[in-house]
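File shown: model-v5.pdb. Contents: PDB, C-alpha atoms.
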```pdb
ATOM      1  CA  MET O 270       9.682  -9.898 -19.095
ATOM      2  CA  ARG O 271       8.516  -6.474 -18.054
ATOM      3  CA  THR O 272      10.922  -4.797 -15.647
ATOM      4  CA  SER O 273       9.518  -1.264 -15.661
ATOM      5  CA  THR O 274       6.182   0.085 -14.506
ATOM      6  CA  GLY O 275       6.564   3.377 -16.372
ATOM      7  CA  THR O 276       5.993   6.960 -15.322
ATOM      8  CA  ARG O 277       2.507   8.301 -14.766
ATOM      9  CA  ILE O 278       1.252  11.481 -16.437
ATOM     10  CA  HIS O 279      -1.841  13.098 -14.960
ATOM     11  CA  GLY O 280      -1.233  16.576 -13.566
ATOM     12  CA  LEU O 281      -3.768  19.258 -14.412
ATOM     13  CA  LEU O 282      -5.745  16.956 -16.710
ATOM     14  CA  GLY O 283      -6.755  14.702 -13.829
ATOM     15  CA  LEU O 284      -7.389  17.637 -11.503
ATOM     16  CA  ALA O 285      -9.685  19.369 -13.977
ATOM     17  CA  VAL O 286     -11.694  16.223 -14.629
ATOM     18  CA  SER O 287     -11.996  15.495 -10.897
ATOM     19  CA  VAL O 288     -13.639  18.902 -10.502
ATOM     20  CA  LEU O 289     -16.120  17.992 -13.229
ATOM     21  CA  LEU O 290     -16.915  14.689 -11.523
ATOM     22  CA  VAL O 291     -17.595  16.389  -8.232
ATOM     23  CA  ALA O 292     -19.874  18.841 -10.026
ATOM     24  CA  GLY O 293     -21.784  15.916 -11.567
ATOM     25  CA  VAL O 294     -20.916  16.569 -15.206
ATOM     26  CA  ILE O 295     -21.448  13.433 -17.292
ATOM     27  CA  VAL O 296     -20.359  13.204 -20.898
ATOM     28  CA  GLY O 297     -21.490  10.530 -23.379
ATOM     29  CA  CYS O 298     -20.229   9.573 -26.833
ATOM     30  CA  SER O 299     -21.850   7.764 -29.738
ATOM     31  CA  GLY O 300     -21.077   4.141 -30.478
ATOM     32  CA  SER O 301     -22.490   0.692 -31.165
ATOM     33  CA  GLN O 302     -24.424  -1.532 -28.789
ATOM     34  CA  GLY O 303     -22.567  -4.159 -26.775
ATOM     35  CA  THR O 304     -23.922  -7.445 -25.355
ATOM     36  CA  GLY O 305     -25.124  -8.234 -21.851
ATOM     37  CA  PRO O 306     -27.662  -6.196 -19.830
ATOM     38  CA  THR O 307     -28.214  -3.064 -21.853
ATOM     39  CA  GLY O 308     -28.435   0.695 -21.557
ATOM     40  CA  SER O 309     -28.770   3.483 -24.099
ATOM     41  CA  SER O 310     -26.142   3.513 -26.835
ATOM     42  CA  GLY O 311     -23.122   5.733 -26.311
ATOM     43  CA  SER O 312     -24.225   6.852 -22.855
ATOM     44  CA  THR O 313     -23.115   6.955 -19.255
ATOM     45  CA  SER O 314     -25.573   6.273 -16.427
ATOM     46  CA  ALA O 315     -23.848   6.936 -13.117
ATOM     47  CA  GLY O 316     -26.474   8.946 -11.281
ATOM     48  CA  GLY O 317     -28.019   7.851  -7.987
ATOM     49  CA  GLY O 318     -26.700   5.094  -5.735
ATOM     50  CA  ALA O 319     -24.862   1.949  -6.637
ATOM     51  CA  PRO O 320     -27.130  -0.798  -8.023
ATOM     52  CA  PRO O 321     -27.561  -3.775  -5.649
ATOM     53  CA  LEU O 322     -25.402  -6.858  -6.075
ATOM     54  CA  THR O 323     -27.933  -9.195  -7.654
ATOM     55  CA  GLY O 324     -25.973 -12.443  -7.779
ATOM     56  CA  ALA O 325     -23.692 -13.642 -10.550
ATOM     57  CA  PRO O 326     -24.497 -16.457 -12.983
ATOM     58  CA  ASP O 327     -23.542 -19.992 -11.994
ATOM     59  CA  PRO O 328     -20.098 -20.552 -13.566
ATOM     60  CA  ALA O 329     -21.268 -24.013 -14.664
ATOM     61  CA  SER O 330     -23.988 -22.409 -16.800
ATOM     62  CA  VAL O 331     -21.726 -20.101 -18.850
ATOM     63  CA  PRO O 332     -18.814 -20.643 -21.255
ATOM     64  CA  PRO O 333     -15.479 -21.126 -19.476
ATOM     65  CA  PRO O 334     -13.322 -18.002 -19.164
ATOM     66  CA  ILE O 335     -10.010 -17.452 -20.899
ATOM     67  CA  TRP O 336      -8.507 -16.841 -17.446
ATOM     68  CA  GLN O 337      -9.705 -16.832 -13.844
ATOM     69  CA  ALA O 338      -7.967 -15.844 -10.610
ATOM     70  CA  ASN O 339      -9.023 -19.086  -8.839
ATOM     71  CA  LEU O 340      -7.999 -17.697  -5.460
ATOM     72  CA  SER O 341      -9.462 -20.579  -3.441
ATOM     73  CA  GLY O 342      -7.322 -23.164  -5.217
ATOM     74  CA  PRO O 343      -4.252 -24.897  -3.773
ATOM     75  CA  ASN O 344      -1.850 -22.266  -5.144
ATOM     76  CA  PRO O 345      -3.860 -19.010  -5.084
ATOM     77  CA  LEU O 346      -1.352 -16.764  -6.877
ATOM     78  CA  ALA O 347      -0.334 -19.286  -9.544
ATOM     79  CA  ASN O 348      -2.451 -17.530 -12.171
ATOM     80  CA  PHE O 349      -0.556 -14.261 -11.734
ATOM     81  CA  ARG O 350       2.945 -13.375 -12.916
ATOM     82  CA  ASN O 351       5.777 -13.018 -10.426
ATOM     83  CA  THR O 352       6.429  -9.265 -10.692
ATOM     84  CA  PRO O 353       7.983  -7.929  -7.467
ATOM     85  CA  TYR O 354       8.676  -4.591  -9.181
ATOM     86  CA  ASN O 355       4.913  -3.968  -8.988
ATOM     87  CA  ASN O 356       5.315  -3.360  -5.242
ATOM     88  CA  ASP O 357       6.656   0.141  -4.583
ATOM     89  CA  GLY O 358       6.379   1.614  -1.103
ATOM     90  CA  ALA O 359       3.916  -1.123  -0.175
ATOM     91  CA  PRO O 360       3.997  -4.797   0.871
ATOM     92  CA  ALA O 361       3.342  -7.595  -1.600
ATOM     93  CA  PRO O 362      -0.283  -8.771  -1.949
ATOM     94  CA  GLU O 363      -1.419 -11.516   0.432
ATOM     95  CA  ILE O 364      -4.145 -14.169   0.422
ATOM     96  CA  GLU O 365      -6.781 -13.899   3.153
ATOM     97  CA  ASP O 366     -10.358 -15.017   3.782
ATOM     98  CA  ALA O 367     -12.740 -13.119   1.517
ATOM     99  CA  PRO O 368     -14.867 -10.652   3.501
ATOM    100  CA  GLY O 369     -18.486 -11.760   3.748
ATOM    101  CA  ILE O 370     -18.096 -15.008   1.771
ATOM    102  CA  THR O 371     -17.722 -18.257   3.724
ATOM    103  CA  GLY O 372     -14.999 -20.534   2.351
ATOM    104  CA  ALA O 373     -13.715 -18.084  -0.280
ATOM    105  CA  LYS O 374     -10.314 -16.417  -0.442
ATOM    106  CA  ALA O 375      -9.270 -12.973  -1.684
ATOM    107  CA  VAL O 376      -6.143 -11.029  -2.559
ATOM    108  CA  ARG O 377      -5.501  -8.336   0.036
ATOM    109  CA  TYR O 378      -3.685  -5.282  -1.318
ATOM    110  CA  THR O 379      -2.480  -2.623   1.145
ATOM    111  CA  VAL O 380      -0.701   0.656   0.445
ATOM    112  CA  PRO O 381       0.353   2.784   3.423
ATOM    113  CA  GLY O 382       0.147   6.565   3.398
ATOM    114  CA  GLY O 383       2.766   7.875   0.970
ATOM    115  CA  GLY O 384       3.111   4.482  -0.746
ATOM    116  CA  LYS O 385       2.785   4.049  -4.497
ATOM    117  CA  ARG O 386       1.670   0.617  -5.655
ATOM    118  CA  THR O 387       0.918  -3.025  -4.993
ATOM    119  CA  GLU O 388      -0.352  -4.784  -8.114
ATOM    120  CA  LEU O 389      -0.568  -8.182  -9.785
ATOM    121  CA  GLU O 390      -0.493  -9.100 -13.485
ATOM    122  CA  PRO O 391      -2.795 -11.934 -14.607
ATOM    123  CA  GLN O 392      -1.187 -14.639 -16.731
ATOM    124  CA  VAL O 393      -2.898 -13.564 -19.946
ATOM    125  CA  ALA O 394      -1.488 -12.456 -23.292
ATOM    126  CA  SER O 395      -1.050  -8.788 -24.181
ATOM    127  CA  TYR O 396      -3.786  -7.074 -26.173
ATOM    128  CA  LYS O 397      -3.155  -6.148 -29.787
ATOM    129  CA  GLU O 398      -5.038  -4.219 -32.459
ATOM    130  CA  GLY O 399      -8.494  -5.716 -33.017
ATOM    131  CA  ASP O 400      -8.578  -7.877 -29.867
ATOM    132  CA  ASP O 401     -11.874  -8.030 -28.011
ATOM    133  CA  ALA O 402     -12.395  -9.236 -24.434
ATOM    134  CA  TYR O 403     -14.561  -9.001 -21.316
ATOM    135  CA  PHE O 404     -13.037  -8.467 -17.865
ATOM    136  CA  GLY O 405     -14.823  -9.175 -14.592
ATOM    137  CA  PHE O 406     -13.687  -7.965 -11.162
ATOM    138  CA  ALA O 407     -15.231  -8.600  -7.736
ATOM    139  CA  TRP O 408     -13.851  -6.023  -5.288
ATOM    140  CA  ASN O 409     -14.511  -5.208  -1.655
ATOM    141  CA  LEU O 410     -13.533  -1.820  -0.238
ATOM    142  CA  PRO O 411     -13.214  -2.010   3.576
ATOM    143  CA  ASP O 412     -14.956   0.603   5.687
ATOM    144  CA  ASP O 413     -11.754   2.630   6.066
ATOM    145  CA  PHE O 414     -10.864   2.803   2.358
ATOM    146  CA  PRO O 415     -10.299   6.527   1.576
ATOM    147  CA  VAL O 416     -12.758   6.771  -1.324
ATOM    148  CA  ASN O 417     -12.811  10.570  -1.098
ATOM    149  CA  ALA O 418      -9.042  11.073  -0.953
ATOM    150  CA  ASP O 419      -7.708  14.037  -2.908
ATOM    151  CA  GLY O 420      -5.680  12.109  -5.475
ATOM    152  CA  TRP O 421      -5.990   9.301  -8.014
ATOM    153  CA  GLN O 422      -6.262   5.642  -6.942
ATOM    154  CA  VAL O 423      -6.152   3.121  -9.804
ATOM    155  CA  VAL O 424      -7.535  -0.389  -9.163
ATOM    156  CA  ALA O 425      -7.209  -1.838 -12.689
ATOM    157  CA  GLN O 426      -5.273  -0.701 -15.732
ATOM    158  CA  TRP O 427      -4.684  -1.935 -19.254
ATOM    159  CA  LYS O 428      -1.131  -0.648 -19.278
ATOM    160  CA  ASN O 429       0.740   0.192 -22.456
ATOM    161  CA  ASP O 430       4.152  -1.432 -22.939
ATOM    162  CA  GLY O 431       5.911   1.946 -22.856
ATOM    163  CA  ASP O 432       6.130   4.710 -20.279
ATOM    164  CA  GLY O 433       3.283   6.974 -19.243
ATOM    165  CA  SER O 434      -0.307   6.583 -18.150
ATOM    166  CA  PRO O 435      -2.372   3.803 -19.752
ATOM    167  CA  PRO O 436      -4.955   4.132 -22.516
ATOM    168  CA  ILE O 437      -7.612   2.624 -20.187
ATOM    169  CA  GLU O 438      -7.929   2.338 -16.415
ATOM    170  CA  VAL O 439     -10.476   2.086 -13.618
ATOM    171  CA  LYS O 440      -9.846   4.307 -10.621
ATOM    172  CA  ILE O 441     -11.563   5.538  -7.474
ATOM    173  CA  ASP O 442     -11.940   9.303  -7.495
ATOM    174  CA  HIS O 443     -14.033  11.472  -5.132
ATOM    175  CA  GLY O 444     -16.307   8.628  -4.084
ATOM    176  CA  GLN O 445     -16.813   7.184  -7.586
ATOM    177  CA  PHE O 446     -15.537   4.299  -9.651
ATOM    178  CA  VAL O 447     -14.331   6.042 -12.807
ATOM    179  CA  LEU O 448     -13.267   4.848 -16.255
ATOM    180  CA  ASP O 449     -10.538   7.026 -17.716
ATOM    181  CA  GLY O 450      -7.361   6.961 -19.779
ATOM    182  CA  GLY O 451      -5.465   8.545 -22.622
ATOM    183  CA  ALA O 452      -3.254  10.723 -20.405
ATOM    184  CA  GLY O 453      -0.196   9.124 -22.002
ATOM    185  CA  GLY O 454       0.231   8.545 -25.718
ATOM    186  CA  GLU O 455       0.940  11.118 -28.374
ATOM    187  CA  ASP O 456      -1.701  13.772 -27.586
ATOM    188  CA  PRO O 457      -2.911  13.609 -23.963
ATOM    189  CA  GLY O 458      -4.395  17.100 -24.126
ATOM    190  CA  ASP O 459      -6.982  15.963 -26.668
ATOM    191  CA  ASN O 460      -7.201  12.258 -25.802
ATOM    192  CA  TYR O 461      -7.552  12.203 -22.019
ATOM    193  CA  PHE O 462     -11.096  11.122 -21.119
ATOM    194  CA  THR O 463     -13.122  10.227 -18.044
ATOM    195  CA  GLN O 464     -16.479   8.513 -17.588
ATOM    196  CA  PRO O 465     -18.053   8.031 -14.140
ATOM    197  CA  ILE O 466     -19.275   4.487 -13.474
ATOM    198  CA  GLY O 467     -20.975   4.684 -10.086
ATOM    199  CA  PRO O 468     -20.458   5.103  -6.345
ATOM    200  CA  ALA O 469     -17.470   3.429  -4.693
ATOM    201  CA  VAL O 470     -19.327   1.998  -1.696
ATOM    202  CA  VAL O 471     -17.303   0.716   1.272
ATOM    203  CA  GLY O 472     -18.107  -2.326   3.371
ATOM    204  CA  GLN O 473     -19.591  -4.442   0.579
ATOM    205  CA  GLN O 474     -18.700  -6.242  -2.633
ATOM    206  CA  THR O 475     -18.895  -4.444  -5.962
ATOM    207  CA  ASP O 476     -18.747  -6.336  -9.270
ATOM    208  CA  LEU O 477     -17.531  -4.535 -12.377
ATOM    209  CA  VAL O 478     -17.448  -6.030 -15.874
ATOM    210  CA  LEU O 479     -15.732  -4.229 -18.746
ATOM    211  CA  HIS O 480     -15.963  -5.042 -22.430
ATOM    212  CA  VAL O 481     -13.029  -3.609 -24.386
ATOM    213  CA  HIS O 482     -12.431  -3.608 -28.118
ATOM    214  CA  PHE O 483      -8.765  -2.718 -28.498
ATOM    215  CA  SER O 484      -7.908  -0.315 -31.293
ATOM    216  CA  THR O 485      -5.932   2.848 -31.941
ATOM    217  CA  ASP O 486      -8.830   3.997 -34.152
ATOM    218  CA  PRO O 487     -11.479   5.829 -32.078
ATOM    219  CA  LYS O 488     -14.110   4.770 -34.625
ATOM    220  CA  LYS O 489     -13.407   1.107 -33.796
ATOM    221  CA  ALA O 490     -12.335   1.290 -30.138
ATOM    222  CA  GLN O 491     -15.098   0.709 -27.603
ATOM    223  CA  VAL O 492     -15.617   0.266 -23.863
ATOM    224  CA  ASP O 493     -18.756  -0.910 -22.040
ATOM    225  CA  VAL O 494     -18.997  -1.138 -18.246
ATOM    226  CA  TRP O 495     -21.503  -2.893 -15.992
ATOM    227  CA  MET O 496     -21.722  -2.360 -12.215
ATOM    228  CA  ASN O 497     -23.417  -5.160 -10.263
ATOM    229  CA  GLY O 498     -25.149  -6.289 -13.458
ATOM    230  CA  GLN O 499     -26.410  -2.834 -14.497
ATOM    231  CA  LYS O 500     -24.933  -1.182 -17.563
ATOM    232  CA  ARG O 501     -23.328   2.123 -16.599
ATOM    233  CA  VAL O 502     -21.128   3.009 -19.592
ATOM    234  CA  ASP O 503     -22.499   2.017 -22.993
ATOM    235  CA  ALA O 504     -20.507   1.830 -26.228
ATOM    236  CA  TYR O 505     -18.087   4.590 -25.253
ATOM    237  CA  ARG O 506     -15.415   5.406 -27.830
ATOM    238  CA  PRO O 507     -12.343   7.058 -26.258
ATOM    239  CA  PRO O 508     -11.083   9.945 -28.406
ATOM    240  CA  GLY O 509      -7.609   8.420 -28.712
ATOM    241  CA  GLY O 510      -8.711   4.779 -28.942
ATOM    242  CA  THR O 511      -8.205   1.994 -26.406
ATOM    243  CA  ARG O 512      -4.536   1.311 -27.104
ATOM    244  CA  TYR O 513      -1.558   3.410 -28.122
ATOM    245  CA  GLN O 514       0.110   3.290 -31.525
ATOM    246  CA  ASP O 515       2.774   0.539 -31.763
ATOM    247  CA  GLU O 516       2.246  -0.506 -28.114
ATOM    248  CA  ASP O 517       0.353  -3.549 -26.863
ATOM    249  CA  SER O 518      -1.537  -3.401 -23.570
ATOM    250  CA  TYR O 519      -1.461  -5.750 -20.578
ATOM    251  CA  LEU O 520      -3.728  -6.066 -17.546
ATOM    252  CA  LYS O 521      -2.767  -5.128 -13.979
ATOM    253  CA  THR O 522      -4.997  -5.000 -10.914
ATOM    254  CA  GLY O 523      -4.391  -3.864  -7.344
ATOM    255  CA  ILE O 524      -3.741  -0.375  -5.975
ATOM    256  CA  TYR O 525      -1.618   2.221  -7.788
ATOM    257  CA  ARG O 526      -2.033   5.718  -6.435
ATOM    258  CA  ASP O 527      -0.867   9.251  -5.855
ATOM    259  CA  THR O 528       1.932   9.244  -3.259
ATOM    260  CA  ALA O 529       0.546  12.515  -1.856
ATOM    261  CA  ILE O 530      -2.310  10.528  -0.264
ATOM    262  CA  ASN O 531      -1.391  10.157   3.401
ATOM    263  CA  GLN O 532      -4.091   7.622   4.358
ATOM    264  CA  SER O 533      -3.539   3.879   4.205
ATOM    265  CA  ALA O 534      -5.736   1.905   1.796
ATOM    266  CA  THR O 535      -6.677  -1.780   1.637
ATOM    267  CA  LEU O 536      -8.515  -3.428  -1.249
ATOM    268  CA  TYR O 537      -9.784  -7.015  -1.525
ATOM    269  CA  LEU O 538      -9.908  -8.719  -4.926
ATOM    270  CA  ILE O 539     -12.375 -11.561  -4.418
ATOM    271  CA  ASP O 540     -12.393 -12.800  -8.006
ATOM    272  CA  ALA O 541     -11.375 -11.806 -11.532
ATOM    273  CA  ARG O 542     -12.193 -13.328 -14.919
ATOM    274  CA  VAL O 543     -11.143 -12.637 -18.509
ATOM    275  CA  ALA O 544     -13.608 -14.001 -21.056
ATOM    276  CA  ARG O 545     -15.108 -13.815 -24.521
ATOM    277  CA  SER O 546     -18.624 -12.898 -23.345
ATOM    278  CA  TYR O 547     -20.380 -10.822 -20.705
ATOM    279  CA  ASP O 548     -22.016 -13.894 -19.139
ATOM    280  CA  SER O 549     -18.699 -15.643 -18.643
ATOM    281  CA  ALA O 550     -16.929 -12.561 -17.264
ATOM    282  CA  SER O 551     -19.764 -11.817 -14.838
ATOM    283  CA  ALA O 552     -19.846 -15.295 -13.232
ATOM    284  CA  LEU O 553     -17.827 -14.004 -10.273
ATOM    285  CA  VAL O 554     -17.476 -15.371  -6.756
ATOM    286  CA  GLY O 555     -19.795 -13.527  -4.383
ATOM    287  CA  PRO O 556     -22.306 -13.727  -1.528
ATOM    288  CA  LYS O 557     -24.998 -16.367  -1.924
ATOM    289  CA  GLY O 558     -28.653 -16.047  -1.035
TER     290      GLY O 558
END
```
Kindly transcribe the structure held in the file into structure tokens.
Amino acid sequence: MRTSTGTRIHGLLGLAVSVLLVAGVIVGCSGSQGTGPTGSSGSTSAGGGAPPLTGAPDPASVPPPIWQANLSGPNPLANFRNTPYNNDGAPAPEIEDAPGITGAKAVRYTVPGGGKRTELEPQVASYKEGDDAYFGFAWNLPDDFPVNADGWQVVAQWKNDGDGSPPIEVKIDHGQFVLDGGAGGEDPGDNYFTQPIGPAVVGQQTDLVLHVHFSTDPKKAQVDVWMNGQKRVDAYRPPGGTRYQDEDSYLKTGIYRDTAINQSATLYLIDARVARSYDSASALVGPKG
């Protein structure tokens, strides 16, 4: 059982990269082609507005996932671990009606100004060297979510078992969904990376799907990201890999953020899936028609 959430390391690394994001600097790396809707190999395509939510595949038409949140079931949080230590300066997550989707439920995460975290851990195994998986998230940012706050706000992380920042995370930074990581580990100065995904738009659902090949070897490690069905990060190979040496990674989702942010934030998780293919991970609950 995990009883510690670790200590985050960001400091000047995160500040410097935030400046680059605001300036519109986009960096790509070479890699191999993933599956699902495609983009150019080893590239990032985060310019312009967010792509429209085009409608997810019918879950009955795709392979079953390894894990699904199943938030509209009789026991909505049964597929998450009981980890009260993941609430720090914030209330525990609650189940509410999903915004904009009749009959669906969602996890509501809220962190007040100055609060630190409210997160849940899916009941899935930790990720070891050579593992490969697809992760789908359907999020809704309410109109008052502080997307332009001056500070980091993590909404999903593949946390290492030890202390420090994770090898991979998705955060909201200066109006963007951003893939970053590597600020922990043995050499954060060289291994910290960031890749913009696309605009963090409030008042509507955003679907993100990530494909991760877990490895400490940057020649084998790979991340692909799709936003609303459009590939935005293609075959990216983090300089320090996608996991840390001798440490497995586990998934957490919710809000984990800089305590210097004085605005309250609420996030809705409408659905989440862990799967072996893009199609299965992308079959998320969402608006119909």
List the spatial neighbours of Arg350 of chain O as a JSON list (two decimals) with C-alpha atoms, in the frame of the given file - criterion: any atom at most 12 Å away, all atoms listed in the file, same-chain residues fewer than 6 positions off excluded.
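Contents of out-v7.json, freshly written:
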```json
[["chain", "number", "residue", "atom", "x", "y", "z"],
["O", 270, "MET", "CA", 9.68, -9.90, -19.10],
["O", 271, "ARG", "CA", 8.52, -6.47, -18.05],
["O", 338, "ALA", "CA", -7.97, -15.84, -10.61],
["O", 388, "GLU", "CA", -0.35, -4.78, -8.11],
["O", 389, "LEU", "CA", -0.57, -8.18, -9.78],
["O", 390, "GLU", "CA", -0.49, -9.10, -13.48],
["O", 391, "PRO", "CA", -2.80, -11.93, -14.61],
["O", 392, "GLN", "CA", -1.19, -14.64, -16.73],
["O", 393, "VAL", "CA", -2.90, -13.56, -19.95],
["O", 394, "ALA", "CA", -1.49, -12.46, -23.29],
["O", 519, "TYR", "CA", -1.46, -5.75, -20.58],
["O", 520, "LEU", "CA", -3.73, -6.07, -17.55],
["O", 521, "LYS", "CA", -2.77, -5.13, -13.98],
["O", 522, "THR", "CA", -5.00, -5.00, -10.91]]
```
Skipping near chain neighbours, those fewer than 6 positions away, what residues fall within 7 Å of Val416 of chain O using only C-alpha atoms, listed as a compact mmCIF listing (two decimals) with C-alpha atoms, keeping the file's coordinate frame?
```txt
# COMPACT_ATOMS: atom_id res chain seq x y z
CA ILE O 441 -11.56 5.54 -7.47
CA ASP O 442 -11.94 9.30 -7.50
CA HIS O 443 -14.03 11.47 -5.13
CA GLY O 444 -16.31 8.63 -4.08
CA ALA O 469 -17.47 3.43 -4.69
```
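If all atoms listed in the file are the atoms counted, then among O:Asp527, O:Asp476, O:Asp503, O:Asp486 the closest residue to Trp408 of chain O is O:Asp476.
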- Task: Kindly resolve the PyMOL selection byres ((chain O and resi 547) around 9) on the present coordinates and return the residues as a list in words.
- Result: Thr304, Gly305, Pro306, Ala402, Tyr403, Phe404, Gly405, Val478, Leu479, His480, Ala544, Arg545, Ser546, Asp548, Ser549, Ala550, Ser551 and Ala552 of chain O
Show me, as AutoDock Vina command-line options, the centre and edge lengths in Å to one decimal of the axis-aligned box that covers every listed atom of segment 329-333 of chain O with 4 Å on each side.
```
--center_x -19.7 --center_y -22.1 --center_z -18.0 --size_x 16.5 --size_y 11.9 --size_z 14.6
```
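Atom pair atom CA of Thr379 of chain O / atom CA of Ala425 of chain O has a distance of 14.6 Å (rounded to one decimal).
Relative to atom CA of Ala541 of chain O, atom CA of Val471 of chain O is found at 18.9 Å.
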- Message: If we count only C-alpha atoms and set the cut-off at 12 Å, which residues sit around Asp456 of chain O, ignoring sequence neighbours fewer than 6 positions away in its own chain? Please answer as a ChimeraX atom specification.
- Response: /O:278,433-434,436,450,462,508-510,513-514
Please supply segment 468-475 of chain O, rebuilt with all heavy atoms, as a compact mmCIF listing (two decimals), in the frame of the given file.
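Okay, selection_14.txt is ready:
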```txt
# COMPACT_ATOMS: atom_id res chain seq x y z
N PRO O 468 -21.04 4.89 -7.67
CA PRO O 468 -20.46 5.10 -6.34
C PRO O 468 -19.51 3.98 -5.92
O PRO O 468 -19.80 2.80 -6.13
CB PRO O 468 -21.68 5.16 -5.43
CG PRO O 468 -22.81 5.55 -6.32
CD PRO O 468 -22.52 4.92 -7.64
N ALA O 469 -18.40 4.38 -5.30
CA ALA O 469 -17.47 3.43 -4.69
C ALA O 469 -17.92 3.25 -3.24
O ALA O 469 -17.57 4.04 -2.37
CB ALA O 469 -16.04 3.96 -4.77
N VAL O 470 -18.70 2.22 -3.00
CA VAL O 470 -19.33 2.00 -1.70
C VAL O 470 -18.43 1.10 -0.85
O VAL O 470 -18.01 0.02 -1.30
CB VAL O 470 -20.72 1.37 -1.86
CG1 VAL O 470 -21.37 1.14 -0.50
CG2 VAL O 470 -21.60 2.25 -2.74
N VAL O 471 -18.15 1.50 0.38
CA VAL O 471 -17.30 0.72 1.27
C VAL O 471 -18.15 -0.30 2.03
O VAL O 471 -19.37 -0.18 2.14
CB VAL O 471 -16.55 1.62 2.27
CG1 VAL O 471 -15.65 2.60 1.53
CG2 VAL O 471 -17.51 2.37 3.19
N GLY O 472 -17.46 -1.34 2.53
CA GLY O 472 -18.11 -2.33 3.37
C GLY O 472 -18.94 -3.36 2.65
O GLY O 472 -19.69 -4.10 3.28
N GLN O 473 -18.84 -3.45 1.33
CA GLN O 473 -19.59 -4.44 0.58
C GLN O 473 -18.89 -4.74 -0.74
O GLN O 473 -18.02 -4.00 -1.19
CB GLN O 473 -21.01 -3.95 0.30
CG GLN O 473 -21.09 -2.74 -0.62
CD GLN O 473 -22.51 -2.24 -0.80
OE1 GLN O 473 -23.24 -2.03 0.17
NE2 GLN O 473 -22.92 -2.04 -2.04
N GLN O 474 -19.28 -5.85 -1.35
CA GLN O 474 -18.70 -6.24 -2.63
C GLN O 474 -19.30 -5.43 -3.77
O GLN O 474 -20.51 -5.14 -3.79
CB GLN O 474 -18.94 -7.73 -2.89
CG GLN O 474 -18.35 -8.24 -4.20
CD GLN O 474 -18.41 -9.75 -4.32
OE1 GLN O 474 -18.24 -10.46 -3.33
NE2 GLN O 474 -18.63 -10.26 -5.53
N THR O 475 -18.47 -5.07 -4.72
CA THR O 475 -18.90 -4.44 -5.96
C THR O 475 -18.32 -5.24 -7.13
O THR O 475 -17.12 -5.51 -7.17
CB THR O 475 -18.41 -2.99 -6.06
OG1 THR O 475 -18.98 -2.21 -5.01
CG2 THR O 475 -18.79 -2.38 -7.40
```
